[in-house]
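**Q** Quick one: structure below, then a few questions.
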Amino acid sequence: MKNAPLLKIEDLRTYFYSRSKQAFIRSVDGVNLEIRRGETLGVVGESGSGKSITALSVLGLISGGPGVIAGKILFGSNGEQKDLLDGLEGYVKIGREQNRIMQVSKDVLGWERRSDEVMRTIRGGEIAMIFQNPKASLNPFTPVGKQITEAIRLHTKITDAQEAAERAIYWLKRVKIDSPALRFDNYPFGLSGGMCQRAMIAMALACEPALLIADEPTTGLDATIQSKIVDLLAELKSELGTTTMLISHDISVISRLSDSVVVMYGGTVVEYGPVRDILTASISSKHPYTSALLASIPGEEHVRDKVALQAIEGDVLDTINIPAGCRFYARCNRVTPKIRENCERREPDLREIAPGHRARCWLYFD
Ligand SMILES: Nc1ncnc2c1ncn2[C@@H]1O[C@H](COP(=O)(O)OP(=O)(O)O)[C@@H](O)[C@H]1O
Ligand code: SF4
Ligand SMILES: [Mg+2]
């Protein structure tokens, strides 16, 4: 149990149903990953690849609808491993054809009630979160210090109001908010975007979570503030070592803060392993999508000369019409005649290509 990963996701599938198209949007379509205690796992991929929906599925924040429909989310909670989707399968009926889910019927109310029951003690406490838009995530009608105080009283052993307020000020200091005792009484609208994000980080960490999920914590902030927030997260990582799932489309943020990386494309994991194997440009054994992502990072000369970035050619995958073969086939520039038929017709598995390094690509299998 001690060595078991804190979070292990197995074959997670979260679909939405598009009434107008009468088809499933396969937002998360077979995700496998795990996070060991003390580790920061980076999740990277273009917008629309299913990163946020994976995180929201873990948090039980996908509303009934079709929502999470299959898989396991194993979480080490109070010394035992719990499946956060436990008991939900009774509320969903799935029709499969050749391992693809073609039909879903669901008792939405029963499903939501069961999900809330499982998640009530976990969300916000054992698993805390930071989102992209901190102003929208904070309650606009309550001073930030009070919000943090309430979170502490709700999720930690500290129940005394005065003691919790002192602890909130400690956390405001810890995230380097200037004049924390004064800021305590500020409403979110009185704080800058960067300060609101610091307050959100303080609130999340003050609950002493076993797992922190940070979804695009720097996106939407000014560039200089972004780099300060990344510095803060790096500092907190080395001081606290909180197990973290860090989601970002920004490779530089992921490579600075992560120990391991998951690269997502079209709702699934295409590459997974230690950060140095995956995000170091000079290592050649990589999934073609990861190589393309790395090639799309602006170099210093691009920034200096304002040269247009080399974006990855082609459109992100339409997760309604997932092709039979490799999801990246339509945009891949590394298909060889030897593997073309496989690439076109058969989806590769996520397989180990070096110790601890997995990729979903026919280039690496016979
Ligand atoms: N409520 C929803 N209804 C229908 N489709 C959705 C919904 N939420 C997300 N999606 C779709 O799921 C896919 C994955 O979304 P998301 O996980 O937010 O991507 P990412 O975080 O990687 O940018 C996208 O194609 C998005 O349009
Ligand atoms: S399996 Fe084929 S199409 Fe897919 S990424 Fe690898 S080489 Fe490209
Ligand atoms: Mg997102």
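Scheme for the structure tokens: letters A, B, ... for chains in order shown; per-chain residue numbers from 1; ligand numbers from 1 in order shown.
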Output the neighbourhood of ligand 1 as an MDAnalysis selection string, that is, all protein and nucleic acid residues with some atom at most 9 Å from the ligand, counting only C-alpha atoms and all ligand atoms.
**A** chainID A and resid 14:18 24:28 43:56 62:63 65 67 215:216 247:249 264:267 316:320
**Q** Residues of segment 111-151 of chain A classed as helix (DSSP H, G or I) by DSSP on the backbone are to be reported as a list in words.
**A**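 Written out, the helix (DSSP H, G or I) residues of segment 111-151 of chain A are Trp111, Glu112, Arg113, Arg114, Ser115, Asp116, Glu117, Val118, Met119, Pro134, Lys135, Ala136, Ser137, Val144, Gly145, Lys146, Gln147, Ile148, Thr149, Glu150 and Ala151 of chain A.
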**Q** Hey, which residues come within 12 Å of ligand 2 if we count only C-alpha atoms and all ligand atoms? Could you give them as number ranges by chain?
**A** A: 265-266, 269-271, 285-292, 323-351, 359-366
**Q** Which parts of segment 37-164 of chain A does DSSP call strand (DSSP E or B) when run on the backbone here, written out as a ChimeraX atom specification?
**A** /A:40-44,68-77,80-83,92-97,100-106,123,127-130
**Q** Suppose we keep N, CA and C atoms; can you now write the selection as an mmCIF file, in the first residue's frame?
**A**
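The resulting file, selection12.cif, is reproduced below:
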```
data_model
loop_
_atom_site.group_PDB
_atom_site.id
_atom_site.type_symbol
_atom_site.label_atom_id
_atom_site.label_comp_id
_atom_site.auth_asym_id
_atom_site.auth_seq_id
_atom_site.Cartn_x
_atom_site.Cartn_y
_atom_site.Cartn_z
ATOM 1 N N THR A 40 5.489 14.957 -9.162
ATOM 2 C CA THR A 40 4.665 15.862 -9.972
ATOM 3 C C THR A 40 4.559 15.255 -11.361
ATOM 4 N N LEU A 41 3.336 14.951 -11.756
ATOM 5 C CA LEU A 41 3.104 14.405 -13.092
ATOM 6 C C LEU A 41 2.578 15.534 -13.973
ATOM 7 N N GLY A 42 3.290 15.820 -15.044
ATOM 8 C CA GLY A 42 2.839 16.843 -15.988
ATOM 9 C C GLY A 42 1.949 16.214 -17.040
ATOM 10 N N VAL A 43 0.861 16.896 -17.393
ATOM 11 C CA VAL A 43 -0.004 16.417 -18.466
ATOM 12 C C VAL A 43 -0.012 17.507 -19.529
ATOM 13 N N VAL A 44 0.493 17.160 -20.714
ATOM 14 C CA VAL A 44 0.648 18.181 -21.752
ATOM 15 C C VAL A 44 -0.048 17.731 -23.028
ATOM 16 N N VAL A 68 -18.525 10.485 -16.964
ATOM 17 C CA VAL A 68 -17.575 9.373 -16.884
ATOM 18 C C VAL A 68 -18.355 8.089 -17.046
ATOM 19 N N ILE A 69 -17.919 7.259 -17.940
ATOM 20 C CA ILE A 69 -18.717 6.071 -18.142
ATOM 21 C C ILE A 69 -17.980 4.781 -17.908
ATOM 22 N N ALA A 70 -16.676 4.809 -17.938
ATOM 23 C CA ALA A 70 -15.983 3.540 -17.724
ATOM 24 C C ALA A 70 -14.567 3.755 -17.239
ATOM 25 N N GLY A 71 -14.035 2.722 -16.624
ATOM 26 C CA GLY A 71 -12.650 2.756 -16.159
ATOM 27 C C GLY A 71 -12.558 2.734 -14.652
ATOM 28 N N LYS A 72 -11.317 2.919 -14.169
ATOM 29 C CA LYS A 72 -11.087 2.931 -12.722
ATOM 30 C C LYS A 72 -10.261 4.151 -12.377
ATOM 31 N N ILE A 73 -10.574 4.766 -11.217
ATOM 32 C CA ILE A 73 -9.753 5.855 -10.699
ATOM 33 C C ILE A 73 -9.385 5.440 -9.283
ATOM 34 N N LEU A 74 -8.217 4.811 -9.126
ATOM 35 C CA LEU A 74 -7.822 4.295 -7.814
ATOM 36 C C LEU A 74 -7.050 5.364 -7.069
ATOM 37 N N PHE A 75 -7.506 5.663 -5.854
ATOM 38 C CA PHE A 75 -6.900 6.747 -5.077
ATOM 39 C C PHE A 75 -6.607 6.242 -3.667
ATOM 40 N N GLY A 76 -5.369 6.475 -3.203
ATOM 41 C CA GLY A 76 -4.969 6.027 -1.861
ATOM 42 C C GLY A 76 -5.486 7.000 -0.820
ATOM 43 N N SER A 77 -6.567 6.604 -0.148
ATOM 44 C CA SER A 77 -7.214 7.505 0.789
ATOM 45 C C SER A 77 -7.186 6.864 2.173
ATOM 46 N N GLU A 80 -6.147 3.207 2.537
ATOM 47 C CA GLU A 80 -6.723 2.165 1.679
ATOM 48 C C GLU A 80 -6.911 2.705 0.260
ATOM 49 N N GLN A 81 -6.941 1.771 -0.693
ATOM 50 C CA GLN A 81 -7.099 2.221 -2.067
ATOM 51 C C GLN A 81 -8.574 2.168 -2.457
ATOM 52 N N LYS A 82 -9.083 3.346 -2.831
ATOM 53 C CA LYS A 82 -10.505 3.449 -3.160
ATOM 54 C C LYS A 82 -10.656 3.660 -4.658
ATOM 55 N N ASP A 83 -11.669 3.037 -5.261
ATOM 56 C CA ASP A 83 -11.969 3.372 -6.654
ATOM 57 C C ASP A 83 -13.021 4.474 -6.627
ATOM 58 N N VAL A 92 -24.914 2.712 -15.215
ATOM 59 C CA VAL A 92 -24.605 2.919 -16.643
ATOM 60 C C VAL A 92 -24.692 1.594 -17.379
ATOM 61 N N LYS A 93 -25.287 1.617 -18.551
ATOM 62 C CA LYS A 93 -25.252 0.415 -19.399
ATOM 63 C C LYS A 93 -24.508 0.794 -20.671
ATOM 64 N N ILE A 94 -23.504 -0.008 -21.003
ATOM 65 C CA ILE A 94 -22.658 0.327 -22.149
ATOM 66 C C ILE A 94 -22.778 -0.763 -23.198
ATOM 67 N N GLY A 95 -22.967 -0.347 -24.435
ATOM 68 C CA GLY A 95 -22.958 -1.312 -25.540
ATOM 69 C C GLY A 95 -21.657 -1.151 -26.310
ATOM 70 N N ARG A 96 -20.886 -2.247 -26.425
ATOM 71 C CA ARG A 96 -19.599 -2.154 -27.129
ATOM 72 C C ARG A 96 -19.659 -2.909 -28.445
ATOM 73 N N GLU A 97 -18.898 -2.404 -29.410
ATOM 74 C CA GLU A 97 -18.669 -3.152 -30.644
ATOM 75 C C GLU A 97 -17.180 -3.116 -30.877
ATOM 76 N N ARG A 100 -15.172 -0.817 -28.863
ATOM 77 C CA ARG A 100 -15.513 0.610 -28.910
ATOM 78 C C ARG A 100 -16.901 0.776 -28.298
ATOM 79 N N ILE A 101 -17.063 1.832 -27.507
ATOM 80 C CA ILE A 101 -18.349 2.044 -26.874
ATOM 81 C C ILE A 101 -19.279 2.712 -27.889
ATOM 82 N N MET A 102 -20.379 2.065 -28.190
ATOM 83 C CA MET A 102 -21.280 2.594 -29.218
ATOM 84 C C MET A 102 -22.588 3.115 -28.629
ATOM 85 N N GLN A 103 -22.947 2.604 -27.437
ATOM 86 C CA GLN A 103 -24.213 3.020 -26.824
ATOM 87 C C GLN A 103 -24.031 3.186 -25.330
ATOM 88 N N VAL A 104 -24.709 4.190 -24.778
ATOM 89 C CA VAL A 104 -24.655 4.372 -23.325
ATOM 90 C C VAL A 104 -26.056 4.741 -22.855
ATOM 91 N N SER A 105 -26.541 4.087 -21.836
ATOM 92 C CA SER A 105 -27.757 4.605 -21.202
ATOM 93 C C SER A 105 -27.461 4.716 -19.721
ATOM 94 N N LYS A 106 -28.032 5.737 -19.098
ATOM 95 C CA LYS A 106 -27.584 6.075 -17.763
ATOM 96 C C LYS A 106 -28.726 6.550 -16.880
ATOM 97 N N ARG A 123 -13.082 15.559 -2.250
ATOM 98 C CA ARG A 123 -12.903 16.774 -3.054
ATOM 99 C C ARG A 123 -12.664 17.985 -2.163
ATOM 100 N N ILE A 127 -8.130 15.778 -2.142
ATOM 101 C CA ILE A 127 -7.697 16.248 -3.462
ATOM 102 C C ILE A 127 -8.097 17.717 -3.573
ATOM 103 N N ALA A 128 -7.104 18.594 -3.694
ATOM 104 C CA ALA A 128 -7.403 20.022 -3.853
ATOM 105 C C ALA A 128 -7.071 20.443 -5.279
ATOM 106 N N MET A 129 -7.635 21.570 -5.697
ATOM 107 C CA MET A 129 -7.413 21.952 -7.092
ATOM 108 C C MET A 129 -7.180 23.444 -7.274
ATOM 109 N N ILE A 130 -6.448 23.726 -8.331
ATOM 110 C CA ILE A 130 -6.235 25.115 -8.732
ATOM 111 C C ILE A 130 -6.629 25.183 -10.205
#
```
**Q** Compare A:Pro66, A:Gly124, A:Gly90, A:Gly145 by their minimum atom-to-atom distance to Ile169 of chain A, counting only C-alpha atoms, and give me the closest one.
**A**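 Nearest candidate to Ile169 of chain A out of A:Pro66, A:Gly124, A:Gly90, A:Gly145: A:Gly145.
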**Q** Give me, as a VMD selection string, all polymer residues having an atom no more than 12 Å from Gln132 of chain A, counting only C-alpha atoms and skipping those fewer than 4 positions away in the same chain.
**A** chain A and resid 52 136 to 138 193 to 194 196 to 198 200 to 201 213 to 221 226 246 to 249
**Q** Next, dump the selected residues to file, keeping only C-alpha atoms, as a PDB file, in the first residue's frame.
**A**
```
ATOM      1  CA  SER A  52      -9.142  19.092 -18.213  1.00  0.00           C
ATOM      2  CA  ALA A 136     -13.871  32.985 -11.273  1.00  0.00           C
ATOM      3  CA  SER A 137     -12.943  30.160  -8.883  1.00  0.00           C
ATOM      4  CA  LEU A 138     -12.945  32.338  -5.757  1.00  0.00           C
ATOM      5  CA  GLY A 193      -4.945  38.142 -11.368  1.00  0.00           C
ATOM      6  CA  GLY A 194      -1.539  37.033 -10.083  1.00  0.00           C
ATOM      7  CA  CYS A 196      -5.805  35.815  -6.889  1.00  0.00           C
ATOM      8  CA  GLN A 197      -3.843  32.839  -8.223  1.00  0.00           C
ATOM      9  CA  ARG A 198      -1.531  33.022  -5.193  1.00  0.00           C
ATOM     10  CA  MET A 200      -6.036  30.038  -4.752  1.00  0.00           C
ATOM     11  CA  ILE A 201      -2.725  28.206  -4.293  1.00  0.00           C
ATOM     12  CA  ILE A 213      -4.487  19.107  -9.270  1.00  0.00           C
ATOM     13  CA  ALA A 214      -3.387  22.305 -11.006  1.00  0.00           C
ATOM     14  CA  ASP A 215      -5.113  22.868 -14.358  1.00  0.00           C
ATOM     15  CA  GLU A 216      -3.344  25.530 -16.440  1.00  0.00           C
ATOM     16  CA  PRO A 217      -2.331  27.480 -13.303  1.00  0.00           C
ATOM     17  CA  THR A 218      -0.400  30.077 -15.309  1.00  0.00           C
ATOM     18  CA  THR A 219      -2.535  30.358 -18.431  1.00  0.00           C
ATOM     19  CA  GLY A 220      -4.260  33.696 -18.899  1.00  0.00           C
ATOM     20  CA  LEU A 221      -1.826  35.616 -16.682  1.00  0.00           C
ATOM     21  CA  GLN A 226       3.291  33.624 -15.254  1.00  0.00           C
ATOM     22  CA  LEU A 246       0.029  19.579 -13.295  1.00  0.00           C
ATOM     23  CA  ILE A 247      -1.861  20.254 -16.499  1.00  0.00           C
ATOM     24  CA  SER A 248      -0.612  22.726 -19.059  1.00  0.00           C
ATOM     25  CA  HIS A 249      -0.397  23.195 -22.796  1.00  0.00           C
TER      26      HIS A 249
END
```
**Q** Excluding Ala181 of chain A and any residue of its chain fewer than 2 positions from it, enumerate the residues within 10 Å of it, using only C-alpha atoms, and give them as a list of chain:residue names.
**A**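 Everything that qualifies: A:Gly145, A:Ala165, A:Glu166, A:Ala168, A:Ile169, A:Tyr170, A:Leu172, A:Lys173, A:Ile177, A:Asp178, A:Ser179, A:Arg183, A:Phe184, A:Asp185, A:Asn186.
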**Q** Extract, using only C-alpha atoms, all DNA, RNA and protein residues at most 8 Å from Leu279 of chain A, discarding same-chain residues fewer than 2 positions from it, and format them as an MDAnalysis selection string.
**A** chainID A and resid 251 255 275:277 281 290 294
**Q** Export C-alpha atoms of the chosen residues as an mmCIF file, in the first residue's frame?
**A**
```cif
data_model
loop_
_atom_site.group_PDB
_atom_site.id
_atom_site.type_symbol
_atom_site.label_atom_id
_atom_site.label_comp_id
_atom_site.auth_asym_id
_atom_site.auth_seq_id
_atom_site.Cartn_x
_atom_site.Cartn_y
_atom_site.Cartn_z
ATOM 1 C CA ILE A 251 5.814 22.675 -22.411
ATOM 2 C CA SER A 255 9.354 20.595 -18.113
ATOM 3 C CA VAL A 275 10.448 14.162 -18.090
ATOM 4 C CA ARG A 276 14.076 13.941 -19.262
ATOM 5 C CA ASP A 277 13.264 11.183 -21.782
ATOM 6 C CA ALA A 281 14.667 17.669 -27.704
ATOM 7 C CA THR A 290 5.687 14.885 -28.959
ATOM 8 C CA LEU A 294 8.714 20.269 -29.095
#
```
**Q** Of the candidates A:Thr244, A:Ser227, A:Ser192, A:Ser57, which one gets nearest to Leu212 of chain A if we count only C-alpha atoms?
**A**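 The answer is A:Thr244, which sits nearest to Leu212 of chain A.
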**Q** Taking into account only C-alpha atoms and all ligand atoms, which residue in the set A:Asn133, A:Ser260, A:Asn3, A:Thr149 is nearest to ligand 3?
**A**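 Selected residue with least distance to ligand 3: A:Asn133.
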**Q** Ranking A:Lys228, A:Arg167, A:Lys146, A:Lys176 by minimum distance to Pro188 of chain A and counting only C-alpha atoms, which one comes first?
**A**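 The answer is A:Lys146, which sits nearest to Pro188 of chain A.
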**Q** Ranking A:Ile152, A:Asp250, A:Leu85, A:Cys207 by minimum distance to ligand 3 and counting only C-alpha atoms and all ligand atoms, which one comes first?
**A**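 Closest residue, counting only C-alpha atoms and all ligand atoms: A:Asp250.
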**Q** Considering only C-alpha atoms, can you say which of A:Ser252, A:Gln98, A:Thr268, A:His155 comes closest to Ile9 of chain A?
**A**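 Among A:Ser252, A:Gln98, A:Thr268, A:His155, it is A:Thr268 that comes nearest to Ile9 of chain A.
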